[in-house]
Amino acid sequence: MTSRMIARLCTVLLVATALHAGIGAASADTIGRLDDRTCQGTSPNIVDQPYAVSIHAQQQSQPIVHNNVVLYLQEAVTFIAPYQVSGTVSWRNPRTGAHGSRSFTDTVQRYQFLLPLSGPSSYSATIHPGVGPLDVTIYAQPHGMFPVAPVRCTVRFTVI
């Protein structure tokens, strides 16, 4: 390999590592509030890494509405074969009573060399739950080679 090719490979690896670690992912309109939790279950490929979905809650400051929260999902990749996932994301603020729910369908993609080990989901929602606790429940059913139990978990975020 020439030194130019080695330098390009090092640059690609550095960028891929930075993206995987989340460096540079923060936008100028965040107020420093990005929380995430991960729920795990069995992959329908069985001999694969577990199905994992991260729930991200990010508060925005433009426009300045402190209870403006963006919820989005990020799923792990598969090493065997892509598979479908369907489910719902529900949220509720026990203090204000604000709540909502939305269904989603997505495909868990196969791992590609030099790409992050997780990919974005098709789910994203902007909500206004009010200040205080925010309970987010995900129910996800992976569909693939073998039937597996659904993934269900509830996580609590704090909206400021």
# chains A, B, ... in the order shown; residues from 1 in each chain; ligands from 1
$ residues_around --residues "segment 74-91 of chain A" --least-positions-apart "2" --cutoff "8 Å" --atoms "only C-alpha atoms" --output "MDAnalysis selection string"
chainID A and resid 44:45 47:49 51:56 72 93 99:111 117:121 134:144
$ atom_distance --atom1 "atom CA of Ala57 of chain A" --atom2 "atom CA of Arg152 of chain A"
17.5 Å
$ atom_distance --atom1 "atom CA of Pro129 of chain A" --atom2 "atom CA of Val155 of chain A"
14.8 Å
$ atom_distance --atom1 "atom CA of Leu73 of chain A" --atom2 "atom CA of Arg37 of chain A"
9.9 Å
$ decode --residues "segment 53-101 of chain A" --atoms "N, CA and C atoms" --output "PDB file, in the first residue's frame"
ATOM      1  N   VAL A  53     -32.670  -1.822  20.681  1.00  0.00           N
ATOM      2  CA  VAL A  53     -33.203  -0.551  20.207  1.00  0.00           C
ATOM      3  C   VAL A  53     -32.945   0.483  21.287  1.00  0.00           C
ATOM      4  N   SER A  54     -32.353   1.598  20.887  1.00  0.00           N
ATOM      5  CA  SER A  54     -32.098   2.704  21.812  1.00  0.00           C
ATOM      6  C   SER A  54     -33.166   3.767  21.615  1.00  0.00           C
ATOM      7  N   ILE A  55     -33.682   4.254  22.723  1.00  0.00           N
ATOM      8  CA  ILE A  55     -34.655   5.337  22.698  1.00  0.00           C
ATOM      9  C   ILE A  55     -33.908   6.608  23.071  1.00  0.00           C
ATOM     10  N   HIS A  56     -33.928   7.584  22.190  1.00  0.00           N
ATOM     11  CA  HIS A  56     -33.256   8.859  22.435  1.00  0.00           C
ATOM     12  C   HIS A  56     -34.306   9.939  22.661  1.00  0.00           C
ATOM     13  N   ALA A  57     -34.101  10.750  23.680  1.00  0.00           N
ATOM     14  CA  ALA A  57     -34.955  11.911  23.933  1.00  0.00           C
ATOM     15  C   ALA A  57     -34.059  13.131  23.935  1.00  0.00           C
ATOM     16  N   GLN A  58     -34.309  14.041  23.017  1.00  0.00           N
ATOM     17  CA  GLN A  58     -33.470  15.224  22.880  1.00  0.00           C
ATOM     18  C   GLN A  58     -34.328  16.467  23.004  1.00  0.00           C
ATOM     19  N   GLN A  59     -33.912  17.381  23.878  1.00  0.00           N
ATOM     20  CA  GLN A  59     -34.639  18.642  24.025  1.00  0.00           C
ATOM     21  C   GLN A  59     -34.011  19.698  23.128  1.00  0.00           C
ATOM     22  N   GLN A  60     -34.865  20.461  22.488  1.00  0.00           N
ATOM     23  CA  GLN A  60     -34.437  21.489  21.546  1.00  0.00           C
ATOM     24  C   GLN A  60     -34.548  22.863  22.193  1.00  0.00           C
ATOM     25  N   SER A  61     -33.749  23.812  21.712  1.00  0.00           N
ATOM     26  CA  SER A  61     -33.857  25.178  22.214  1.00  0.00           C
ATOM     27  C   SER A  61     -34.263  26.174  21.130  1.00  0.00           C
ATOM     28  N   GLN A  62     -34.431  25.737  19.899  1.00  0.00           N
ATOM     29  CA  GLN A  62     -34.874  26.624  18.824  1.00  0.00           C
ATOM     30  C   GLN A  62     -36.142  26.073  18.217  1.00  0.00           C
ATOM     31  N   PRO A  63     -37.298  26.663  18.357  1.00  0.00           N
ATOM     32  CA  PRO A  63     -37.537  27.840  19.178  1.00  0.00           C
ATOM     33  C   PRO A  63     -37.421  27.478  20.663  1.00  0.00           C
ATOM     34  N   ILE A  64     -37.276  28.471  21.501  1.00  0.00           N
ATOM     35  CA  ILE A  64     -37.049  28.200  22.920  1.00  0.00           C
ATOM     36  C   ILE A  64     -38.352  27.755  23.567  1.00  0.00           C
ATOM     37  N   VAL A  65     -38.539  26.451  23.576  1.00  0.00           N
ATOM     38  CA  VAL A  65     -39.662  25.804  24.232  1.00  0.00           C
ATOM     39  C   VAL A  65     -39.046  24.649  25.006  1.00  0.00           C
ATOM     40  N   HIS A  66     -38.912  24.812  26.292  1.00  0.00           N
ATOM     41  CA  HIS A  66     -38.142  23.842  27.066  1.00  0.00           C
ATOM     42  C   HIS A  66     -38.803  22.467  27.165  1.00  0.00           C
ATOM     43  N   ASN A  67     -40.086  22.383  26.907  1.00  0.00           N
ATOM     44  CA  ASN A  67     -40.702  21.055  26.960  1.00  0.00           C
ATOM     45  C   ASN A  67     -40.862  20.450  25.568  1.00  0.00           C
ATOM     46  N   ASN A  68     -40.142  20.951  24.576  1.00  0.00           N
ATOM     47  CA  ASN A  68     -40.132  20.399  23.227  1.00  0.00           C
ATOM     48  C   ASN A  68     -39.118  19.256  23.194  1.00  0.00           C
ATOM     49  N   VAL A  69     -39.581  18.045  22.988  1.00  0.00           N
ATOM     50  CA  VAL A  69     -38.718  16.864  23.028  1.00  0.00           C
ATOM     51  C   VAL A  69     -38.849  16.111  21.715  1.00  0.00           C
ATOM     52  N   VAL A  70     -37.717  15.691  21.160  1.00  0.00           N
ATOM     53  CA  VAL A  70     -37.714  14.841  19.967  1.00  0.00           C
ATOM     54  C   VAL A  70     -37.357  13.438  20.429  1.00  0.00           C
ATOM     55  N   LEU A  71     -38.231  12.485  20.159  1.00  0.00           N
ATOM     56  CA  LEU A  71     -37.966  11.076  20.440  1.00  0.00           C
ATOM     57  C   LEU A  71     -37.564  10.406  19.132  1.00  0.00           C
ATOM     58  N   TYR A  72     -36.511   9.619  19.168  1.00  0.00           N
ATOM     59  CA  TYR A  72     -36.167   8.826  17.999  1.00  0.00           C
ATOM     60  C   TYR A  72     -35.528   7.521  18.435  1.00  0.00           C
ATOM     61  N   LEU A  73     -35.579   6.550  17.546  1.00  0.00           N
ATOM     62  CA  LEU A  73     -35.058   5.218  17.824  1.00  0.00           C
ATOM     63  C   LEU A  73     -33.797   4.971  17.013  1.00  0.00           C
ATOM     64  N   GLN A  74     -32.944   4.131  17.554  1.00  0.00           N
ATOM     65  CA  GLN A  74     -31.744   3.698  16.836  1.00  0.00           C
ATOM     66  C   GLN A  74     -31.587   2.213  17.128  1.00  0.00           C
ATOM     67  N   GLU A  75     -31.487   1.408  16.069  1.00  0.00           N
ATOM     68  CA  GLU A  75     -31.417  -0.040  16.225  1.00  0.00           C
ATOM     69  C   GLU A  75     -30.033  -0.573  15.876  1.00  0.00           C
ATOM     70  N   ALA A  76     -29.667  -1.658  16.563  1.00  0.00           N
ATOM     71  CA  ALA A  76     -28.404  -2.327  16.255  1.00  0.00           C
ATOM     72  C   ALA A  76     -28.535  -3.025  14.907  1.00  0.00           C
ATOM     73  N   VAL A  77     -27.409  -3.358  14.322  1.00  0.00           N
ATOM     74  CA  VAL A  77     -27.413  -4.063  13.046  1.00  0.00           C
ATOM     75  C   VAL A  77     -27.380  -5.574  13.289  1.00  0.00           C
ATOM     76  N   THR A  78     -27.575  -6.330  12.218  1.00  0.00           N
ATOM     77  CA  THR A  78     -27.498  -7.782  12.287  1.00  0.00           C
ATOM     78  C   THR A  78     -26.238  -8.241  11.550  1.00  0.00           C
ATOM     79  N   PHE A  79     -25.700  -9.362  11.958  1.00  0.00           N
ATOM     80  CA  PHE A  79     -24.539  -9.917  11.268  1.00  0.00           C
ATOM     81  C   PHE A  79     -24.953 -11.045  10.321  1.00  0.00           C
ATOM     82  N   ILE A  80     -26.177 -11.534  10.416  1.00  0.00           N
ATOM     83  CA  ILE A  80     -26.633 -12.670   9.609  1.00  0.00           C
ATOM     84  C   ILE A  80     -27.470 -12.189   8.425  1.00  0.00           C
ATOM     85  N   ALA A  81     -28.744 -11.925   8.653  1.00  0.00           N
ATOM     86  CA  ALA A  81     -29.650 -11.508   7.579  1.00  0.00           C
ATOM     87  C   ALA A  81     -30.553 -10.391   8.090  1.00  0.00           C
ATOM     88  N   PRO A  82     -30.879  -9.417   7.238  1.00  0.00           N
ATOM     89  CA  PRO A  82     -31.786  -8.345   7.662  1.00  0.00           C
ATOM     90  C   PRO A  82     -33.140  -8.915   8.074  1.00  0.00           C
ATOM     91  N   TYR A  83     -33.822  -8.205   8.977  1.00  0.00           N
ATOM     92  CA  TYR A  83     -35.165  -8.627   9.386  1.00  0.00           C
ATOM     93  C   TYR A  83     -36.022  -7.413   9.714  1.00  0.00           C
ATOM     94  N   GLN A  84     -37.317  -7.635   9.690  1.00  0.00           N
ATOM     95  CA  GLN A  84     -38.299  -6.581   9.930  1.00  0.00           C
ATOM     96  C   GLN A  84     -38.625  -6.481  11.420  1.00  0.00           C
ATOM     97  N   VAL A  85     -39.000  -5.285  11.841  1.00  0.00           N
ATOM     98  CA  VAL A  85     -39.455  -5.033  13.204  1.00  0.00           C
ATOM     99  C   VAL A  85     -40.684  -4.136  13.110  1.00  0.00           C
ATOM    100  N   SER A  86     -41.712  -4.452  13.891  1.00  0.00           N
ATOM    101  CA  SER A  86     -42.880  -3.584  13.975  1.00  0.00           C
ATOM    102  C   SER A  86     -43.196  -3.375  15.447  1.00  0.00           C
ATOM    103  N   GLY A  87     -43.809  -2.255  15.741  1.00  0.00           N
ATOM    104  CA  GLY A  87     -44.119  -1.995  17.142  1.00  0.00           C
ATOM    105  C   GLY A  87     -44.737  -0.639  17.357  1.00  0.00           C
ATOM    106  N   THR A  88     -44.774  -0.228  18.635  1.00  0.00           N
ATOM    107  CA  THR A  88     -45.316   1.067  19.006  1.00  0.00           C
ATOM    108  C   THR A  88     -44.409   1.739  20.024  1.00  0.00           C
ATOM    109  N   VAL A  89     -44.433   3.043  19.982  1.00  0.00           N
ATOM    110  CA  VAL A  89     -43.767   3.860  20.988  1.00  0.00           C
ATOM    111  C   VAL A  89     -44.861   4.699  21.638  1.00  0.00           C
ATOM    112  N   SER A  90     -44.971   4.598  22.958  1.00  0.00           N
ATOM    113  CA  SER A  90     -45.965   5.367  23.712  1.00  0.00           C
ATOM    114  C   SER A  90     -45.239   6.238  24.716  1.00  0.00           C
ATOM    115  N   TRP A  91     -45.775   7.396  25.002  1.00  0.00           N
ATOM    116  CA  TRP A  91     -45.181   8.284  25.995  1.00  0.00           C
ATOM    117  C   TRP A  91     -46.264   8.886  26.873  1.00  0.00           C
ATOM    118  N   ARG A  92     -45.873   9.195  28.110  1.00  0.00           N
ATOM    119  CA  ARG A  92     -46.824   9.776  29.062  1.00  0.00           C
ATOM    120  C   ARG A  92     -46.062  10.576  30.095  1.00  0.00           C
ATOM    121  N   ASN A  93     -46.570  11.755  30.393  1.00  0.00           N
ATOM    122  CA  ASN A  93     -46.053  12.558  31.489  1.00  0.00           C
ATOM    123  C   ASN A  93     -47.041  12.407  32.641  1.00  0.00           C
ATOM    124  N   PRO A  94     -46.662  11.673  33.723  1.00  0.00           N
ATOM    125  CA  PRO A  94     -47.608  11.446  34.818  1.00  0.00           C
ATOM    126  C   PRO A  94     -48.001  12.730  35.544  1.00  0.00           C
ATOM    127  N   ARG A  95     -47.185  13.758  35.456  1.00  0.00           N
ATOM    128  CA  ARG A  95     -47.494  15.022  36.139  1.00  0.00           C
ATOM    129  C   ARG A  95     -48.549  15.825  35.391  1.00  0.00           C
ATOM    130  N   THR A  96     -48.413  15.932  34.054  1.00  0.00           N
ATOM    131  CA  THR A  96     -49.342  16.750  33.273  1.00  0.00           C
ATOM    132  C   THR A  96     -50.474  15.931  32.651  1.00  0.00           C
ATOM    133  N   GLY A  97     -50.294  14.619  32.550  1.00  0.00           N
ATOM    134  CA  GLY A  97     -51.291  13.777  31.905  1.00  0.00           C
ATOM    135  C   GLY A  97     -51.153  13.727  30.392  1.00  0.00           C
ATOM    136  N   ALA A  98     -50.239  14.510  29.823  1.00  0.00           N
ATOM    137  CA  ALA A  98     -50.030  14.490  28.371  1.00  0.00           C
ATOM    138  C   ALA A  98     -49.521  13.116  27.956  1.00  0.00           C
ATOM    139  N   HIS A  99     -50.038  12.610  26.829  1.00  0.00           N
ATOM    140  CA  HIS A  99     -49.633  11.279  26.378  1.00  0.00           C
ATOM    141  C   HIS A  99     -49.841  11.155  24.866  1.00  0.00           C
ATOM    142  N   GLY A 100     -49.262  10.105  24.311  1.00  0.00           N
ATOM    143  CA  GLY A 100     -49.414   9.841  22.893  1.00  0.00           C
ATOM    144  C   GLY A 100     -48.814   8.491  22.546  1.00  0.00           C
ATOM    145  N   SER A 101     -49.079   8.048  21.332  1.00  0.00           N
ATOM    146  CA  SER A 101     -48.585   6.757  20.878  1.00  0.00           C
ATOM    147  C   SER A 101     -48.488   6.784  19.360  1.00  0.00           C
TER     148      SER A 101
END
